[in-house]
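Novice: Got a structure for you, questions after.
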Amino acid sequence: MKKYIFLIILFLLINESSFAGMDNKIARAVKISSPPKIDGILNDDVWEKAQLLNNFVQYVPYNGQEPSFQTYVKVLYDNSAIYIGAFMQDNEPDSIAKFLSQRDSDFSDATDIFAFIVNPFNDGISGNQFVVSTAGVQADYALSATDKDVSWNSVWFSETSINDSGWVVELKIPYSAIRFSEKDVQEWDINFFRSIYRLSEWSCWNHVSSDFNHYWYNTGRLTNIKGIKPALRLSLTPYISGYLENNEESEWGNYYNGGLDLKYGINSSFTLDMTLIPDFGQVQSDNKILNLSPFEVHYNERRQFFTEGMDLFNKGNIFYSRRIGSRPKYSGEIEDKLNRDEEIIANPTETKLINATKISGKTNNGIGIGFFNAMTRESQATVIDTLTGNKRNITSQPFTNYNMLIVDKPLWEKSSVSFANTNVIHKDFIADVFATEFRIGDKDFNYGIRGSGAVSRREEPDSVELGSRYYLTLGKFNGKWQYRYNYSLETDSYNPNDMGFLRQNNEIDQSATIEYNIFDPFGIFLNIENSFRVSYEQLYNPRKFISFRMDYSFYAMFKNNYSFRTHLALSPVNQEDYTESRTTGRVLIVPPMAHICGGINTDARKDLFLDIHTGFTRNKASWIERKQVHLMLFSRYRINDKFSVIYDYFTSKSENDRGFVENGDNGEIYFGLRNLKEITNTFSLKYIFTNQAFLNFRLRHYWSTADYQDYFVLGNDGYLVPTVNYNSNHNQNYNAFNIDLNFTWNFAPGSELSLVWKNSIYDDGEIIINNGFDNFSNTLSLPQVNSISFKLLYYLDYLKFSK
């Protein structure tokens with residue numbers, strides 16, 4: 001059997017003759033001594049020296065065909081920067097979309113854009129993208145073989161203008177914004193993209209097949225780059241911030257913070273980023289929910305230092321930055337350490353970050369190396385003796401050091417292997433995870449193998465715990481027909497959660513997927529996607545069945561830019577749930593499941609955009625029938641080119657849901673039969689004053705109830721047995737109300753002033769309020785926390801400042 005697997009893999013790797021890459025265009029850069037003025041006009045004489053790049057082709061919707069309007073690009077460079085000048089022809093300049101948005105927007109709003117992609121290392125798996133909209137709004141991304149890092153930021157310059165024949169953009173990208181080697185003569189992979197929003201059309205200079213999963217996969221080549229040196233990349237961004245806050249007891253207080261971010265180019269390819277005494281108090285509030293599951297809730301990272309330039313550190317899937325500065329490790333054990341007559345008066349909900357540092361870059365051979373370090377202060381809870389009034393502190397987490405090292409080596413185009421290690425150290429505790437990740441395939445990764453493996457080791461004074469996991473995916477990843485086989489395994493002792501995130505271990509999951517996609521328009525369709533997946537899941541220890549499931553997904557984009565999607569799922573046999581009981585080895589039998597959902601999107605080019613989605617799930621057997629229905633409505637209305645309103649609504653209702661409630665004194669495991677309801681209303685306003693100043697308002701109210709109808713004991717056979725001796729109340733009426741109001745002014749490159757108001761109310765009660773208006777009114781009457789703050793950052797570039 002192993003012999004046949006080896007032959008299949010060998011065939012997939014060498015069978016690239018049918019999928020050879022297309023011809024790549026060549027451009028010649030021209031070096032200048034006097035730079036053009038970046039004003040969006042292109043009237044400087046120096047532009048006459050540059051080679052004219054044209055003959056763009058469509059990327060979407062009609063891949064490879066001639067675009068509706070032509071685009072013309074010129075490239076210059078000097079000893080400090082590369083300059084791009086582009087003219088986008090348009091016979092209807094009054095119809096050019098120019099909606100204002102904030103920096104690093106995904107440009108889903110109404111605007112045409114121009115994009116420049118550059119990869120100085122020519123490795124086919126990395127690079128940077130610089131984007132400018134007709135309104136002059138900038139965005140920049142870091143590109144990798146599998147993803148686009150939208151949080152990456154750099155300082156560069158651009159201007160745009162609209163004239164009678166189309167629109168113009170000029171870019172100046174300092175060498176401090178990109179990394180490259182110190183070779184005397186260089187060639188860089190490049191490409192240019194242009195979008196026409198009203199036509200839903202994208203075109204590119206070097207043709208990129210729609211068969212590729214990522215638009216940056218096929219590039220042209222920029223030659224004749226001579227005699228340039230990487231710039232000294234040294235910048236400081238000091239900040240000051242101030243807060244006026246009240247707590248739930250309506251007690252007001254104020255405090256101030258100060259710190260700085262430092263960015264230093266260690267050499268031509270490696271950069272050190274450091275944040276000292278950071279302040280993340282203005283970060284958007286988390287979308288908190290009522291969690292009745294046995295699993296931890298995963299929250300998105302919103303702190304800029306931990307989102308920007310982190311793509312390299314995501315390899316191996318062992319780093320979850322929300323662990324740093326999270327709830328103290330032993331905060332839940334403080335109550336067990338109380339003496340008689342003591343009570344807790346303060347128990348911090350997060351640890352304080354002292355500083356964080358990351359070093360990342362690539363060697364001349366293209367090997368990516370990254371190092372991360374962060375330190376948090378000791379966290380202490382305060383308790384008081386109610387008789388004597390004496391207070392004492394109990395450590396809820398000692399001083400903690402977090403580290404990560406990553407090495408990523410490209411093998412050939414779009415193939416690579418990486419090795420990573422995370423390490424957490426505090427008093428009497430060490431946790432390590434060692435991981436590897438690889439991608440091996442043909443030139444364009446049409447056929448290939450992806451996989452990873454990891455070993456976790458956690459050492460405490462009286463124990464050492466070892467665990468492991470790995471996954472493997474092989475198949476065909478591009479083209480109309482795609483197929484893949486996945487195998488993943490986590491042992492029952494694998495635990496990366498001191499610095500990573502794993503929802504569940506002790507499982508083996510196998511699946512096979514086949515996809516059929518039509519990328520070229522036909523009939524009433526722009527494109528169609530079909531996917532069918534079969535999966536089989538079991539416990540790792542002991543080897544026991546968990547579930548068997550089949551899924552089918554369909555997506556269609558129509559020529560009027562409406563879209564439709566649907567998803568069908570079926571588990572035809574009983575499932576065995578070994579997690580809901582919260583007790584090792586105890587199973588809950590779950591009836592067969594059927595699920596259907598679907599949705600429709602209207603044309604996003606219109607001022608009013610709607611996304612409607614609904615679904616129904618049923619688990620049915622002779623002893624129980626569970627029903628769940630959900631509805632989602634997303635709406636966006638553009639009032640004008642500066643002002644937009646967004647309303648997002650979600651509701652879900654479940655009947656006869658069964659869930660764990662608590663353990664009994666004599667080993668019983670109590671379950672409840674409950675009806676669940678969840679409603680989320682989110683209202684947002686965005687007003688863009690200029691391409692450098694914007695206002696965001698976001699109000700979110702989340703309401704969830706769990707109404708228990710009856711209680712049971714979990715039997716040894718996995719079925720629930722009625723009980724008459726249990727009368728506890730586990731009803732829950734949970735509310736989370738948040739307001740985030742944020743004004744940001746980017747008053748200089750890399751510098752900003754932000755003013756923020758945050759309001760929060762959280763409540764978890766046992767009395768269910770069935771009327772939505774009564775519940776909302778009651779929520780607003782509860783104690784609330786307010787925070788009003790300002791933060792001023794100023795970007796200091798050494799090269800500019802030294803002059």
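Each chain in the structure tokens gets a letter, A, B, ..., in the order shown, and its residues are numbered from 1; ligands are numbered from 1 in order too.
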Can you pull out every residue within 10 Å of Asn365 (chain A), counting only C-alpha atoms, but drop anything in the same chain fewer than 6 positions away, and send it as number ranges by chain?

Specialist: A: 121, 123, 181, 409-410

Novice: Would you mind exporting the chosen residues as an mmCIF file, in the first residue's frame, restricted to all heavy atoms?

Specialist:
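Wrote part03.cif, looks like this:
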```
data_model
loop_
_atom_site.group_PDB
_atom_site.id
_atom_site.type_symbol
_atom_site.label_atom_id
_atom_site.label_comp_id
_atom_site.auth_asym_id
_atom_site.auth_seq_id
_atom_site.Cartn_x
_atom_site.Cartn_y
_atom_site.Cartn_z
ATOM 1 N N PHE A 121 12.250 39.313 -4.086
ATOM 2 C CA PHE A 121 12.973 38.055 -3.897
ATOM 3 C C PHE A 121 12.620 37.016 -4.953
ATOM 4 O O PHE A 121 13.225 35.941 -4.991
ATOM 5 C CB PHE A 121 12.704 37.507 -2.495
ATOM 6 C CG PHE A 121 13.315 38.347 -1.407
ATOM 7 C CD1 PHE A 121 12.567 39.311 -0.754
ATOM 8 C CD2 PHE A 121 14.643 38.194 -1.056
ATOM 9 C CE1 PHE A 121 13.123 40.091 0.243
ATOM 10 C CE2 PHE A 121 15.212 38.969 -0.060
ATOM 11 C CZ PHE A 121 14.449 39.923 0.592
ATOM 12 N N ASP A 123 10.451 34.764 -5.352
ATOM 13 C CA ASP A 123 10.283 33.389 -4.876
ATOM 14 C C ASP A 123 8.901 32.822 -5.182
ATOM 15 O O ASP A 123 8.626 31.666 -4.874
ATOM 16 C CB ASP A 123 10.570 33.299 -3.377
ATOM 17 C CG ASP A 123 9.690 34.228 -2.550
ATOM 18 O OD1 ASP A 123 8.700 34.763 -3.098
ATOM 19 O OD2 ASP A 123 9.999 34.437 -1.363
ATOM 20 N N SER A 181 17.508 42.596 -1.568
ATOM 21 C CA SER A 181 18.899 42.243 -1.305
ATOM 22 C C SER A 181 19.830 43.391 -1.713
ATOM 23 O O SER A 181 19.388 44.410 -2.257
ATOM 24 C CB SER A 181 19.273 40.971 -2.061
ATOM 25 O OG SER A 181 19.254 41.216 -3.453
ATOM 26 N N LYS A 409 11.698 28.104 4.689
ATOM 27 C CA LYS A 409 12.604 27.967 3.541
ATOM 28 C C LYS A 409 11.818 27.640 2.277
ATOM 29 O O LYS A 409 11.110 26.636 2.216
ATOM 30 C CB LYS A 409 13.633 26.863 3.792
ATOM 31 C CG LYS A 409 14.556 26.636 2.599
ATOM 32 C CD LYS A 409 15.631 25.620 2.889
ATOM 33 C CE LYS A 409 16.439 25.314 1.626
ATOM 34 N NZ LYS A 409 16.983 26.521 0.988
ATOM 35 N N PRO A 410 11.938 28.501 1.246
ATOM 36 C CA PRO A 410 11.332 28.150 -0.039
ATOM 37 C C PRO A 410 12.120 27.034 -0.709
ATOM 38 O O PRO A 410 13.358 27.002 -0.664
ATOM 39 C CB PRO A 410 11.432 29.463 -0.837
ATOM 40 C CG PRO A 410 12.564 30.200 -0.223
ATOM 41 C CD PRO A 410 12.589 29.817 1.227
#
```

Novice: Determine, counting only C-alpha atoms, which protein, DNA and RNA residues have an atom within 9 Å of an atom of Ser571 (chain A); residues of the same chain fewer than 2 positions away are not included. Present the result as a compact mmCIF listing (two decimals) with C-alpha atoms, in the first residue's frame.

Specialist:
```txt
# COMPACT_ATOMS: atom_id res chain seq x y z
CA SER A 547 -19.52 11.16 13.21
CA PHE A 548 -19.98 10.60 9.50
CA ARG A 549 -21.09 13.57 7.41
CA MET A 550 -21.68 14.68 3.81
CA ALA A 569 -25.38 18.68 5.04
CA VAL A 573 -26.40 7.88 11.48
CA ASN A 574 -26.25 8.61 15.19
CA GLN A 575 -23.31 10.78 16.24
CA PRO A 591 -29.56 11.79 16.51
CA PRO A 592 -28.96 11.91 12.74
CA MET A 593 -28.75 15.44 11.34
CA ALA A 594 -30.02 17.16 8.20
CA HIS A 595 -29.22 20.77 7.37
```

Novice: Would you pick out the contacts of Tyr494 (chain A) at 6 Å or less, using only C-alpha atoms, so that residues sharing its chain but fewer than 2 positions from it are not included, and give the list as a list in words?

Specialist: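 My list of contacting residues is Ser456, Gly467, Ser468, Thr491 and Asp492 of chain A.
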
Novice: For those residues, write C-alpha atoms to a file as a CSV table (one decimal), in the first residue's frame.

Specialist:
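And here is the file that came out, part35.csv:
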```csv
chain,number,residue,atom,x,y,z
A,456,SER,CA,3.7,20.0,22.7
A,467,GLY,CA,1.3,15.4,22.9
A,468,SER,CA,1.4,15.6,19.2
A,491,THR,CA,-3.5,13.0,20.5
A,492,ASP,CA,-5.4,13.3,23.8
```

Novice: For each of A:Glu92, A:Glu668, A:Glu335, A:Asp211, take the minimum atom-to-atom distance to Ala381 (chain A), counting only C-alpha atoms, then give the residue where this is smallest.

Specialist: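 For Ala381 (chain A), the nearest of the given residues is A:Glu335.
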
Novice: Residues of region 519-758 of chain A in strand (DSSP E) according to DSSP, as a ChimeraX atom specification?

Specialist: /A:525-539,545-558,563-571,575-577,588-590,593-601,608-621,624-638,643-663,669-690,693-714,720-722,732-748,751-758

Novice: With a distance cut-off of 10 Å and only C-alpha atoms, select the neighbouring residues of Pro542 (chain A), excluding the residue or stretch itself and same-chain residues fewer than 3 positions from it, and output the selection as a ChimeraX atom specification.

Specialist: /A:492,506-507,538-539,545,585

Novice: Go ahead and write the selection's residues with all heavy atoms as a compact mmCIF listing (two decimals), in the first residue's frame.

Specialist:
```
# COMPACT_ATOMS: atom_id res chain seq x y z
N ASP A 492 -4.64 12.81 22.65
CA ASP A 492 -5.42 13.29 23.79
C ASP A 492 -4.59 14.15 24.74
O ASP A 492 -5.15 14.79 25.64
CB ASP A 492 -6.04 12.12 24.55
CG ASP A 492 -5.00 11.07 24.95
OD1 ASP A 492 -3.92 11.04 24.34
OD2 ASP A 492 -5.28 10.29 25.87
N ASN A 506 -7.64 15.10 20.87
CA ASN A 506 -8.10 13.72 20.97
C ASN A 506 -9.10 13.37 19.86
O ASN A 506 -10.19 12.86 20.11
CB ASN A 506 -8.74 13.44 22.34
CG ASN A 506 -8.93 11.95 22.59
OD1 ASN A 506 -8.18 11.12 22.08
ND2 ASN A 506 -9.94 11.61 23.36
N GLU A 507 -8.71 13.64 18.61
CA GLU A 507 -9.61 13.29 17.52
C GLU A 507 -8.81 13.00 16.25
O GLU A 507 -7.68 13.46 16.07
CB GLU A 507 -10.62 14.41 17.25
CG GLU A 507 -10.01 15.73 16.83
CD GLU A 507 -11.08 16.79 16.56
OE1 GLU A 507 -12.28 16.46 16.63
OE2 GLU A 507 -10.71 17.94 16.29
N GLN A 538 -13.34 10.39 14.36
CA GLN A 538 -13.32 9.44 15.47
C GLN A 538 -12.39 9.93 16.57
O GLN A 538 -11.56 10.82 16.34
CB GLN A 538 -12.87 8.06 14.98
CG GLN A 538 -11.46 8.03 14.42
CD GLN A 538 -11.07 6.69 13.84
OE1 GLN A 538 -10.58 6.63 12.73
NE2 GLN A 538 -11.30 5.61 14.56
N LEU A 539 -12.54 9.36 17.75
CA LEU A 539 -11.62 9.66 18.84
C LEU A 539 -10.26 9.06 18.56
O LEU A 539 -10.14 8.02 17.91
CB LEU A 539 -12.15 9.09 20.16
CG LEU A 539 -13.24 9.83 20.93
CD1 LEU A 539 -13.51 9.11 22.23
CD2 LEU A 539 -12.88 11.28 21.19
N PHE A 545 -15.93 5.79 17.16
CA PHE A 545 -16.63 6.58 16.14
C PHE A 545 -17.22 7.85 16.76
O PHE A 545 -17.75 7.83 17.87
CB PHE A 545 -17.74 5.74 15.53
CG PHE A 545 -18.69 6.50 14.65
CD1 PHE A 545 -18.37 6.78 13.33
CD2 PHE A 545 -19.90 6.96 15.16
CE1 PHE A 545 -19.25 7.49 12.52
CE2 PHE A 545 -20.79 7.67 14.36
CZ PHE A 545 -20.46 7.93 13.03
N GLY A 585 -14.46 9.97 28.52
CA GLY A 585 -15.03 8.65 28.28
C GLY A 585 -16.54 8.59 28.28
O GLY A 585 -17.11 7.56 27.89
```

Novice: Considering only C-alpha atoms, can you say which of A:Glu308, A:Asp641, A:Asp45, A:Glu625 comes closest to Ser154 (chain A)?

Specialist: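 Smallest separation from Ser154 (chain A) among the options: A:Glu308.
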
Novice: Counting only C-alpha atoms, figure out which residue out of A:Tyr215, A:Tyr62, A:Tyr708, A:Tyr795 gets nearest to Asn729 (chain A).

Specialist: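 Of the candidates, the smallest distance to Asn729 (chain A) is held by A:Tyr708.
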
Novice: Measuring between only C-alpha atoms, which one of A:Leu695, A:Ala431, A:Leu199, A:Ala86 shows the shortest distance to Lys559 (chain A)?

Specialist: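 The shortest atom-to-atom distance to Lys559 (chain A) comes from A:Leu199.
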
Novice: Would you pick out the contacts of Ser635 (chain A) at 10 Å or less, using only C-alpha atoms, so that residues sharing its chain but fewer than 2 positions from it are not included, and give the list as a PDB file with N, CA, C and O atoms, in the first residue's frame?

Specialist:
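Dumped everything to out_33.pdb:
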```
ATOM      1  N   ASN A 601     -27.180  37.604  -2.429  1.00  0.00           N
ATOM      2  CA  ASN A 601     -26.598  38.934  -2.346  1.00  0.00           C
ATOM      3  C   ASN A 601     -27.110  39.768  -3.509  1.00  0.00           C
ATOM      4  O   ASN A 601     -27.179  39.276  -4.648  1.00  0.00           O
ATOM      5  N   THR A 602     -27.421  41.015  -3.253  1.00  0.00           N
ATOM      6  CA  THR A 602     -27.769  41.919  -4.342  1.00  0.00           C
ATOM      7  C   THR A 602     -26.489  42.519  -4.923  1.00  0.00           C
ATOM      8  O   THR A 602     -25.379  42.215  -4.493  1.00  0.00           O
ATOM      9  N   LEU A 608     -27.764  50.675  -2.292  1.00  0.00           N
ATOM     10  CA  LEU A 608     -28.353  49.757  -1.313  1.00  0.00           C
ATOM     11  C   LEU A 608     -27.902  48.349  -1.638  1.00  0.00           C
ATOM     12  O   LEU A 608     -28.154  47.827  -2.731  1.00  0.00           O
ATOM     13  N   PHE A 609     -27.220  47.722  -0.685  1.00  0.00           N
ATOM     14  CA  PHE A 609     -26.739  46.352  -0.844  1.00  0.00           C
ATOM     15  C   PHE A 609     -27.337  45.488   0.258  1.00  0.00           C
ATOM     16  O   PHE A 609     -27.346  45.873   1.435  1.00  0.00           O
ATOM     17  N   LEU A 610     -27.851  44.304  -0.113  1.00  0.00           N
ATOM     18  CA  LEU A 610     -28.450  43.383   0.845  1.00  0.00           C
ATOM     19  C   LEU A 610     -27.804  42.009   0.723  1.00  0.00           C
ATOM     20  O   LEU A 610     -27.511  41.538  -0.379  1.00  0.00           O
ATOM     21  N   ASP A 611     -27.611  41.378   1.864  1.00  0.00           N
ATOM     22  CA  ASP A 611     -27.142  39.992   1.938  1.00  0.00           C
ATOM     23  C   ASP A 611     -28.077  39.272   2.904  1.00  0.00           C
ATOM     24  O   ASP A 611     -28.104  39.582   4.101  1.00  0.00           O
ATOM     25  N   ILE A 612     -28.855  38.335   2.387  1.00  0.00           N
ATOM     26  CA  ILE A 612     -29.858  37.628   3.191  1.00  0.00           C
ATOM     27  C   ILE A 612     -29.494  36.148   3.209  1.00  0.00           C
ATOM     28  O   ILE A 612     -29.213  35.556   2.158  1.00  0.00           O
ATOM     29  N   LEU A 633     -29.407  39.008   8.145  1.00  0.00           N
ATOM     30  CA  LEU A 633     -29.659  40.088   7.201  1.00  0.00           C
ATOM     31  C   LEU A 633     -28.574  41.135   7.361  1.00  0.00           C
ATOM     32  O   LEU A 633     -28.405  41.711   8.445  1.00  0.00           O
ATOM     33  N   TYR A 637     -26.171  50.934   3.093  1.00  0.00           N
ATOM     34  CA  TYR A 637     -26.706  51.993   2.232  1.00  0.00           C
ATOM     35  C   TYR A 637     -25.710  53.136   2.170  1.00  0.00           C
ATOM     36  O   TYR A 637     -25.297  53.676   3.206  1.00  0.00           O
ATOM     37  N   VAL A 645     -24.223  53.736   5.850  1.00  0.00           N
ATOM     38  CA  VAL A 645     -24.897  53.178   7.026  1.00  0.00           C
ATOM     39  C   VAL A 645     -24.979  51.665   6.849  1.00  0.00           C
ATOM     40  O   VAL A 645     -25.313  51.176   5.761  1.00  0.00           O
ATOM     41  N   ILE A 646     -24.680  50.922   7.917  1.00  0.00           N
ATOM     42  CA  ILE A 646     -24.709  49.458   7.872  1.00  0.00           C
ATOM     43  C   ILE A 646     -25.571  48.940   9.012  1.00  0.00           C
ATOM     44  O   ILE A 646     -25.433  49.385  10.163  1.00  0.00           O
ATOM     45  N   TYR A 647     -26.470  48.019   8.686  1.00  0.00           N
ATOM     46  CA  TYR A 647     -27.264  47.332   9.713  1.00  0.00           C
ATOM     47  C   TYR A 647     -27.102  45.831   9.510  1.00  0.00           C
ATOM     48  O   TYR A 647     -27.320  45.308   8.419  1.00  0.00           O
ATOM     49  N   ASP A 648     -26.719  45.142  10.591  1.00  0.00           N
ATOM     50  CA  ASP A 648     -26.457  43.701  10.549  1.00  0.00           C
ATOM     51  C   ASP A 648     -27.331  43.026  11.610  1.00  0.00           C
ATOM     52  O   ASP A 648     -27.225  43.354  12.810  1.00  0.00           O
ATOM     53  N   TYR A 649     -28.177  42.105  11.169  1.00  0.00           N
ATOM     54  CA  TYR A 649     -29.109  41.427  12.077  1.00  0.00           C
ATOM     55  C   TYR A 649     -28.912  39.919  11.973  1.00  0.00           C
ATOM     56  O   TYR A 649     -28.759  39.366  10.882  1.00  0.00           O
ATOM     57  N   PHE A 683     -25.411  48.084  14.465  1.00  0.00           N
ATOM     58  CA  PHE A 683     -25.676  49.280  13.655  1.00  0.00           C
ATOM     59  C   PHE A 683     -24.392  50.085  13.551  1.00  0.00           C
ATOM     60  O   PHE A 683     -23.762  50.395  14.563  1.00  0.00           O
TER      61      PHE A 683
END
```

Novice: Between CA of Tyr470 (chain A) and CA of Phe419 (chain A), what is the spacing in Å?

Specialist: 13.5 Å

Novice: Among region 286-374 of chain A, which ones does DSSP place in alpha helix (DSSP H), written as an NGL selection string?

Specialist: :A and (304-307)

Novice: Could you turn the residues from that selection into a file that holds all heavy atoms, as a short mmCIF file (atom, residue, chain, number, x, y, z; two decimals), in the first residue's frame?

Specialist:
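Okay, part22.cif is ready:
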```cif
data_model
loop_
_atom_site.label_atom_id
_atom_site.label_comp_id
_atom_site.auth_asym_id
_atom_site.auth_seq_id
_atom_site.Cartn_x
_atom_site.Cartn_y
_atom_site.Cartn_z
N GLN A 304 -3.04 46.40 17.03
CA GLN A 304 -2.29 46.61 15.79
C GLN A 304 -0.94 45.90 15.80
O GLN A 304 -0.56 45.28 14.81
CB GLN A 304 -2.10 48.10 15.54
CG GLN A 304 -1.41 48.39 14.21
CD GLN A 304 -1.35 49.86 13.91
OE1 GLN A 304 -1.98 50.67 14.55
NE2 GLN A 304 -0.58 50.23 12.90
N PHE A 305 -0.20 45.96 16.89
CA PHE A 305 1.12 45.34 16.90
C PHE A 305 1.03 43.85 16.64
O PHE A 305 1.93 43.26 16.03
CB PHE A 305 1.82 45.60 18.24
CG PHE A 305 3.22 45.04 18.32
CD1 PHE A 305 4.29 45.76 17.83
CD2 PHE A 305 3.46 43.78 18.86
CE1 PHE A 305 5.58 45.24 17.88
CE2 PHE A 305 4.74 43.25 18.92
CZ PHE A 305 5.80 44.00 18.43
N PHE A 306 -0.06 43.22 17.10
CA PHE A 306 -0.21 41.77 16.97
C PHE A 306 -0.93 41.37 15.69
O PHE A 306 -1.18 40.17 15.46
CB PHE A 306 -0.95 41.21 18.18
CG PHE A 306 -0.19 41.35 19.46
CD1 PHE A 306 -0.51 42.34 20.37
CD2 PHE A 306 0.87 40.52 19.75
CE1 PHE A 306 0.19 42.48 21.56
CE2 PHE A 306 1.58 40.65 20.92
CZ PHE A 306 1.24 41.64 21.83
N THR A 307 -1.31 42.34 14.86
CA THR A 307 -1.92 42.01 13.57
C THR A 307 -1.00 42.37 12.41
O THR A 307 -1.02 41.73 11.36
CB THR A 307 -3.26 42.75 13.39
OG1 THR A 307 -3.04 44.17 13.45
CG2 THR A 307 -4.24 42.34 14.46
#
```

Novice: Tell me which of A:Arg450, A:Arg233, A:Lys31, A:Lys25 sits closest to Tyr798 (chain A), counting only C-alpha atoms.

Specialist: A:Arg233

Novice: Please provide as a list in words all residues within 9 Å of region 149-151 of chain A, with the sequence filter that same-chain residues fewer than 3 positions apart are discarded (counting only C-alpha atoms).

Specialist: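 Within the cut-off, the hits are Asp104, Ser105, Asp106, Ala139, Asp140, Tyr141, Ala142, Leu143, Ser144, Gln304, Thr307, Glu308, Gly309, Met310 and Asp311 of chain A.
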
Novice: Out of A:Ala29, A:Phe519, A:Arg457, A:Pro278, which residue has the shortest atom-to-atom distance to Asn495 (chain A) when counting only C-alpha atoms?

Specialist: A:Arg457

Novice: Enter the distance from CA of Lys653 (chain A) to CA of His630 (chain A), in Å, rounded to one decimal.

Specialist: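 Distance between the two atoms: 6.5 Å.
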
Novice: Hey, what's within 12 Å of Leu292 (chain A) if we count only C-alpha atoms and toss same-chain stuff fewer than 4 positions away? As a ChimeraX atom specification, please?

Specialist: /A:296-297,580-582,657-662,671-672,674,676,704-706,730-732,734
